[in-house]
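Asker: Sharing run21.cif, mmCIF, C-alpha atoms:
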data_data
loop_
_atom_site.label_atom_id
_atom_site.label_comp_id
_atom_site.auth_asym_id
_atom_site.auth_seq_id
_atom_site.Cartn_x
_atom_site.Cartn_y
_atom_site.Cartn_z
CA MET A 522 -6.60 19.00 61.34
CA THR A 523 -5.80 16.68 58.44
CA ASP A 524 -2.39 15.18 57.86
CA PRO A 525 -0.18 17.17 55.45
CA PHE A 526 0.30 15.83 51.94
CA VAL A 527 3.52 13.86 51.56
CA PRO A 528 4.75 13.26 47.97
CA GLY A 529 5.62 9.69 47.04
CA ARG A 530 9.25 8.64 46.98
CA ARG A 531 11.02 6.77 44.22
CA THR A 532 11.83 3.15 44.83
CA SER A 533 15.39 1.90 44.85
CA THR A 534 14.86 -0.43 41.88
CA CYS A 535 15.55 0.62 38.29
CA ALA A 536 13.62 -2.27 36.72
CA ASP A 537 11.08 -1.55 34.01
CA SER A 538 7.53 -1.92 35.32
CA PRO A 539 4.04 -1.92 33.80
CA THR A 540 1.74 1.05 34.19
CA PHE A 541 -1.53 1.00 36.11
CA GLY A 542 -4.61 3.14 36.40
CA ARG A 543 -7.93 3.84 34.70
CA PHE A 544 -8.61 4.23 30.97
CA SER A 545 -8.90 7.87 29.93
CA THR A 546 -11.28 8.71 27.06
CA MET A 547 -9.62 12.07 26.33
CA TYR A 548 -7.37 12.65 23.31
CA ASP A 549 -4.37 14.45 24.79
CA TYR A 550 -0.83 15.08 23.56
CA PRO A 551 1.86 13.07 25.39
CA MET A 552 4.06 14.91 27.87
CA LYS A 553 7.84 15.00 27.71
CA GLY A 554 8.84 14.39 31.30
CA ILE A 555 12.59 14.88 30.84
CA THR A 556 14.06 17.20 28.19
CA GLN A 557 17.50 18.14 29.52
CA ASP A 558 19.81 15.25 30.41
CA ILE A 559 22.35 17.66 31.93
CA GLU A 560 19.83 18.46 34.69
CA TYR A 561 19.03 14.81 35.41
CA PRO A 562 20.61 13.61 38.71
CA LYS A 563 23.67 11.47 38.07
CA GLU A 564 22.80 9.13 40.94
CA ALA A 565 19.32 8.44 39.57
CA CYS A 566 18.38 5.47 37.39
CA ASP A 567 18.35 5.98 33.64
CA PRO A 568 14.80 6.80 32.50
CA TRP A 569 12.80 4.41 30.33
CA LEU A 570 11.65 5.45 26.86
CA HIS A 571 8.45 4.25 25.21
CA TYR A 572 9.52 1.93 22.36
CA ASN A 573 6.65 -0.54 22.29
CA MET A 574 3.28 1.04 22.97
CA ARG A 575 -0.27 -0.28 23.29
CA LEU A 576 -3.24 2.06 22.96
CA GLY A 577 -6.98 1.62 22.92
CA ASN A 578 -7.58 4.41 20.40
CA LEU A 579 -5.16 6.67 18.56
CA GLN A 580 -6.02 9.94 16.86
CA ILE A 581 -3.43 11.54 14.54
CA ASP A 582 -3.93 15.15 13.47
CA ALA A 583 -1.45 15.23 10.59
CA THR A 584 0.79 12.47 9.20
CA LEU A 585 1.49 8.88 10.22
CA THR A 586 4.78 7.53 8.87
CA ALA A 587 5.62 3.83 9.15
CA GLY A 588 9.27 2.98 8.62
CA GLY A 589 8.67 -0.76 8.50
CA THR A 590 5.64 -3.03 8.16
CA ALA A 591 2.25 -1.74 9.32
CA THR A 592 -0.02 -4.59 10.41
CA PHE A 593 -3.71 -3.98 11.10
CA GLY A 594 -5.99 -6.54 12.68
CA GLY A 595 -9.23 -4.64 12.10
CA VAL A 596 -10.81 -2.24 9.62
CA VAL A 597 -8.60 0.33 7.87
CA THR A 598 -10.45 3.53 6.92
CA ALA A 599 -8.89 6.40 4.98
CA PRO A 600 -10.26 9.10 2.62
CA THR A 601 -7.24 8.56 0.37
CA PHE A 602 -5.07 5.43 0.28
CA ARG A 603 -1.69 5.37 -1.43
CA GLY A 604 0.41 2.24 -1.56
CA THR A 605 -0.03 -1.49 -1.84
CA PHE A 606 -2.76 -3.12 0.19
CA ILE A 607 -2.88 -6.87 0.67
CA GLY A 608 -5.37 -8.36 3.06
CA ARG A 609 -8.98 -9.35 3.57
CA ALA A 610 -11.04 -6.58 5.05
CA THR A 611 -14.41 -7.91 3.81
CA GLY A 612 -13.21 -10.33 1.14
CA ASN A 613 -12.81 -7.56 -1.44
CA LYS A 614 -10.59 -4.51 -1.87
CA SER A 615 -13.07 -1.70 -2.49
CA PHE A 616 -13.19 2.07 -2.52
CA ASP A 617 -16.04 4.51 -2.03
CA ILE A 618 -16.04 8.06 -3.49
CA PRO A 619 -18.57 10.89 -4.00
CA HIS A 620 -20.41 10.91 -7.33
CA VAL A 621 -18.70 13.39 -9.64
CA THR A 622 -21.81 15.02 -11.15
CA GLU A 623 -24.69 14.10 -8.83
CA PRO A 624 -24.47 15.53 -5.29
CA GLY A 625 -25.88 13.26 -2.63
CA LYS A 626 -24.82 10.11 -4.44
CA ARG A 627 -21.71 7.95 -4.10
CA ILE A 628 -19.85 5.37 -6.17
CA ARG A 629 -18.45 2.13 -4.76
CA HIS A 630 -16.18 -0.12 -6.83
CA VAL A 631 -14.23 -3.26 -6.08
CA CYS A 632 -10.59 -3.39 -7.22
CA ALA A 633 -9.48 -6.01 -9.70
CA GLU A 634 -7.53 -8.92 -8.23
CA GLY A 635 -4.82 -11.08 -9.71
CA PRO A 636 -1.69 -13.07 -8.89
CA GLU A 637 0.58 -10.21 -10.03
CA PRO A 638 0.94 -6.45 -9.53
CA GLY A 639 -0.67 -5.68 -12.89
CA ILE A 640 -0.58 -2.32 -14.65
CA TYR A 641 -2.30 -1.35 -17.89
CA ILE A 642 -2.90 1.31 -20.51
CA ARG A 643 -5.70 1.47 -23.07
CA GLY A 644 -6.68 3.69 -25.96
CA LYS A 645 -7.56 3.97 -29.64
CA LEU A 646 -5.24 3.48 -32.63
CA LYS A 647 -6.16 4.81 -36.09
CA ASN A 648 -4.14 5.06 -39.31
CA SER A 649 -1.00 4.02 -37.45
CA ASN A 650 0.65 0.73 -36.59
CA LYS A 651 2.62 1.78 -33.49
CA ILE A 652 1.62 2.01 -29.84
CA THR A 653 4.27 3.70 -27.73
CA LEU A 654 4.29 2.42 -24.17
CA PRO A 655 4.66 4.93 -21.30
CA GLU A 656 8.20 6.06 -20.55
CA TYR A 657 7.69 5.41 -16.84
CA TRP A 658 7.17 1.69 -17.59
CA ASN A 659 10.90 1.43 -18.27
CA GLY A 660 12.39 -0.35 -15.27
CA LEU A 661 8.97 -0.56 -13.59
CA ILE A 662 7.55 -3.57 -15.47
CA ASP A 663 8.79 -6.95 -16.63
CA PRO A 664 8.75 -6.59 -20.46
CA GLU A 665 8.33 -10.36 -20.85
CA THR A 666 4.84 -10.11 -19.31
CA ILE A 667 3.38 -7.62 -21.82
CA THR A 668 0.07 -8.74 -23.36
CA VAL A 669 -1.96 -6.89 -25.98
CA THR A 670 -5.69 -7.05 -26.73
CA LEU A 671 -7.01 -5.44 -29.93
CA THR A 672 -10.64 -4.72 -30.87
CA GLN A 673 -11.23 -3.70 -34.48
CA ILE A 674 -13.64 -0.84 -35.20
CA GLY A 675 -16.07 -0.67 -38.14
CA TYR A 676 -14.79 -3.50 -40.33
CA SER A 677 -12.76 -6.69 -40.30
CA GLN A 678 -9.01 -5.97 -40.24
CA ASP A 679 -7.38 -9.26 -39.23
CA LEU A 680 -5.27 -7.46 -36.62
CA ILE A 681 -1.96 -9.00 -35.56
CA VAL A 682 0.64 -8.00 -32.96
CA ASP A 683 3.66 -7.92 -35.22
CA SER A 684 6.31 -7.25 -32.57
CA ILE A 685 7.08 -5.64 -29.22
CA GLU A 686 10.33 -3.74 -29.53
CA TRP A 687 12.50 -3.39 -26.40
CA GLY A 688 9.39 -3.35 -24.22
CA LYS A 689 8.70 0.18 -25.44
CA VAL A 690 6.83 0.02 -28.77
CA VAL A 691 4.07 -2.36 -29.86
CA LYS A 692 3.78 -2.78 -33.65
CA ILE A 693 0.45 -3.82 -35.18
CA ARG A 694 -0.30 -5.00 -38.72
CA SER A 695 -3.40 -5.94 -40.64
CA GLY A 696 -3.34 -9.37 -42.23
CA SER A 697 -5.87 -8.17 -44.82
CA GLY A 698 -4.00 -4.94 -45.61
CA ALA A 699 -6.82 -2.79 -44.20
CA ASN A 700 -6.31 0.59 -42.59
CA ILE A 701 -5.90 0.07 -38.86
CA ASN A 702 -8.71 1.42 -36.69
CA CYS A 703 -8.99 -0.28 -33.32
CA TYR A 704 -9.14 -0.07 -29.57
CA TYR A 705 -6.26 -1.52 -27.58
CA GLU A 706 -5.60 -2.64 -24.04
CA ILE A 707 -2.08 -3.49 -22.91
CA TRP A 708 -1.23 -5.14 -19.60
CA ALA A 709 2.09 -5.87 -17.92
CA ALA A 710 3.26 -7.02 -14.50
CA ARG A 711 5.28 -4.61 -12.40
CA TRP A 712 8.37 -5.94 -10.70
CA VAL A 713 7.55 -6.86 -7.11
CA ASN A 714 10.83 -5.15 -6.24
CA PRO A 715 12.28 -2.90 -8.99
CA ASP A 716 15.71 -3.19 -7.35
CA ASN A 717 15.65 -7.00 -7.27
CA HIS A 718 14.07 -8.67 -10.30
CA ASP A 719 14.55 -12.10 -8.75
CA GLU A 720 12.03 -11.35 -6.01
CA LYS A 721 8.71 -13.02 -6.81
CA LEU A 722 5.20 -12.76 -5.42
CA HIS A 723 4.19 -15.81 -3.38
CA VAL A 724 0.46 -16.00 -4.12
CA VAL A 725 -0.38 -18.94 -1.83
CA TYR A 726 1.84 -19.83 1.11
CA ASP A 727 1.73 -21.82 4.34
CA GLY A 728 1.04 -19.73 7.42
CA GLU A 729 -1.40 -18.43 9.98
CA THR A 730 -0.63 -14.69 9.67
CA PRO A 731 1.14 -12.40 7.15
CA ALA A 732 4.26 -12.73 9.32
CA ASP A 733 4.62 -16.23 7.84
CA TYR A 734 5.01 -14.88 4.29
CA PRO A 735 8.09 -16.61 2.80
CA GLY A 736 9.34 -13.48 1.02
CA ASN A 737 10.09 -9.87 1.83
CA ASN A 738 7.20 -8.17 3.65
CA ASP A 739 8.72 -4.67 3.39
CA ASN A 740 6.98 -3.94 0.07
CA PHE A 741 3.48 -4.59 1.37
CA ILE A 742 1.01 -3.00 3.74
CA VAL A 743 -0.88 -5.92 5.19
CA GLY A 744 -4.21 -5.39 6.89
CA GLY A 745 -7.64 -6.77 7.57
CA PHE A 746 -6.48 -10.38 7.91
CA GLN A 747 -7.99 -13.09 10.08
#
Taking this structure as input, can you express it in the form of structure tokens?
Answerer:
Amino acid sequence: MTDPFVPGRRTSTCADSPTFGRFSTMYDYPMKGITQDIEYPKEACDPWLHYNMRLGNLQIDATLTAGGTATFGGVVTAPTFRGTFIGRATGNKSFDIPHVTEPGKRIRHVCAEGPEPGIYIRGKLKNSNKITLPEYWNGLIDPETITVTLTQIGYSQDLIVDSIEWGKVVKIRSGSGANINCYYEIWAARWVNPDNHDEKLHVVYDGETPADYPGNNDNFIVGGFQ
């Protein structure tokens, strides 16, 4: 006859201790061991809660919300990415999408880079001398950084940026008095922090990791660094 099974007993220490065991390859939901504090023995040690966690692989079925800075040391893959990405995954910030009109083909582009959070609009201006900037630019961009590029269509027009009024309207004039017919492209730099216009982007800084950034890291998702 075999000896009866005897459950293990709790030790008398309440110190936090590391876990042990084998790696499991299954994706399982975590278990809540204690849900009612009123049923927890008063003489027992207070339970430990997972605050810092290390995992080999993590699968999320729905939404991942990061309340602070998310730092990734490897490859970040997502069908849709929303936010600000600063890092060096392969040297470039690229995206890959299905071809719109040809099934079985894909399109891969590399994002433009620059020492500012640039934003732009472009279009065509004809028989008018005013370009109205988007309403949502108000408070979003630094109006002192607005630049305008004009390309005349069909004939020489001697195009001139006459003025930029209140960061909302760009006025164009023709030095030769010709009717205006042109393409335009207008760029501006967004505020790094719309609530603090004194906060600047540090393009090059001393450090070994993004944690050494001399400014506020809360506005950036940093990943793919070495």
Asker: Box in all listed atoms of range 709-718 of chain A, axis-aligned, with 6 Å more on each side; write out centre and edge lengths in Å to one decimal as AutoDock Vina command-line options.
Answerer:
--center_x 8.9 --center_y -5.8 --center_z -12.1 --size_x 25.6 --size_y 17.8 --size_z 23.7
Asker: Write out as CSV a residue-level contact list of range 656-677 of chain A versus range 699-710 of chain A with cut-off 7 Å: for each qualifying residue the closest pair of atoms and the distance in Å to one decimal, counting all atoms listed in the file, rows sorted by chain and residue number upward.
Answerer:
residue,atom,partner,partner_atom,distance
A:Ile662,CA,A:Ala710,CA,5.6
A:Asp663,CA,A:Ala710,CA,5.9
A:Thr666,CA,A:Ala709,CA,5.2
A:Ile667,CA,A:Ala709,CA,4.5
A:Thr668,CA,A:Trp708,CA,5.4
A:Val669,CA,A:Ile707,CA,4.6
A:Thr670,CA,A:Glu706,CA,5.2
A:Leu671,CA,A:Tyr705,CA,4.6
A:Thr672,CA,A:Tyr704,CA,5.1
A:Gln673,CA,A:Cys703,CA,4.2
A:Ile674,CA,A:Cys703,CA,5.0
Asker: Starting from the shown file, work through the PyMOL selection byres ((chain A and resi 681) around 8) and note down what comes out as a short mmCIF file (atom, residue, chain, number, x, y, z; two decimals) with C-alpha atoms, in the coordinates of the input.
Answerer:
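Wrote result09.cif, looks like this:
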data_model
loop_
_atom_site.label_atom_id
_atom_site.label_comp_id
_atom_site.auth_asym_id
_atom_site.auth_seq_id
_atom_site.Cartn_x
_atom_site.Cartn_y
_atom_site.Cartn_z
CA ASP A 679 -7.38 -9.26 -39.23
CA LEU A 680 -5.27 -7.46 -36.62
CA VAL A 682 0.64 -8.00 -32.96
CA ASP A 683 3.66 -7.92 -35.22
CA ILE A 693 0.45 -3.82 -35.18
CA ARG A 694 -0.30 -5.00 -38.72
CA SER A 695 -3.40 -5.94 -40.64
CA GLY A 696 -3.34 -9.37 -42.23
#
Asker: Could you spell out the hits of the PyMOL selection byres ((chain A and resi 661) around 10) on the shown file, as an MDAnalysis selection string?
Answerer: chainID A and resid 640 656:660 662:664 709:716
Asker: How many Å separate CA of Lys692 in chain A from CA of Lys651 in chain A?
Answerer: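 One can read the CA of Lys692 in chain A to CA of Lys651 in chain A distance as 4.7 Å.
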Asker: Take the PyMOL selection byres ((chain A and resi 689) around 8), apply it to the structure above, and return the hits as a list in words.
Answerer: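 Taken over the shown coordinates, the PyMOL selection byres ((chain A and resi 689) around 8) returns Thr653, Leu654, Pro655, Glu656, Asn659, Ile685, Glu686, Trp687, Gly688, Val690 and Val691 of chain A.
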Asker: Could you check the closest approach to Ala633 in chain A for each of A:Phe616, A:Tyr734, A:Tyr561, A:Phe541 and tell me which residue wins, using all atoms listed in the file?
Answerer: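 Distance minimum relative to Ala633 in chain A lands on A:Phe616.
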Asker: One decimal, in Å: what's the spacing between CA of Phe544 in chain A and CA of Pro568 in chain A?
Answerer: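 Separating CA of Phe544 in chain A from CA of Pro568 in chain A is a distance of 23.6 Å.
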Asker: Can you tell me how far CA of Ser538 in chain A sits from CA of Glu560 in chain A, in Å to one decimal?
Answerer: 23.8 Å
Asker: Which is closest to Val725 in chain A among A:Val631, A:Ser649, A:Gly644, A:Pro636, if we use all atoms listed in the file?
Answerer: A:Pro636
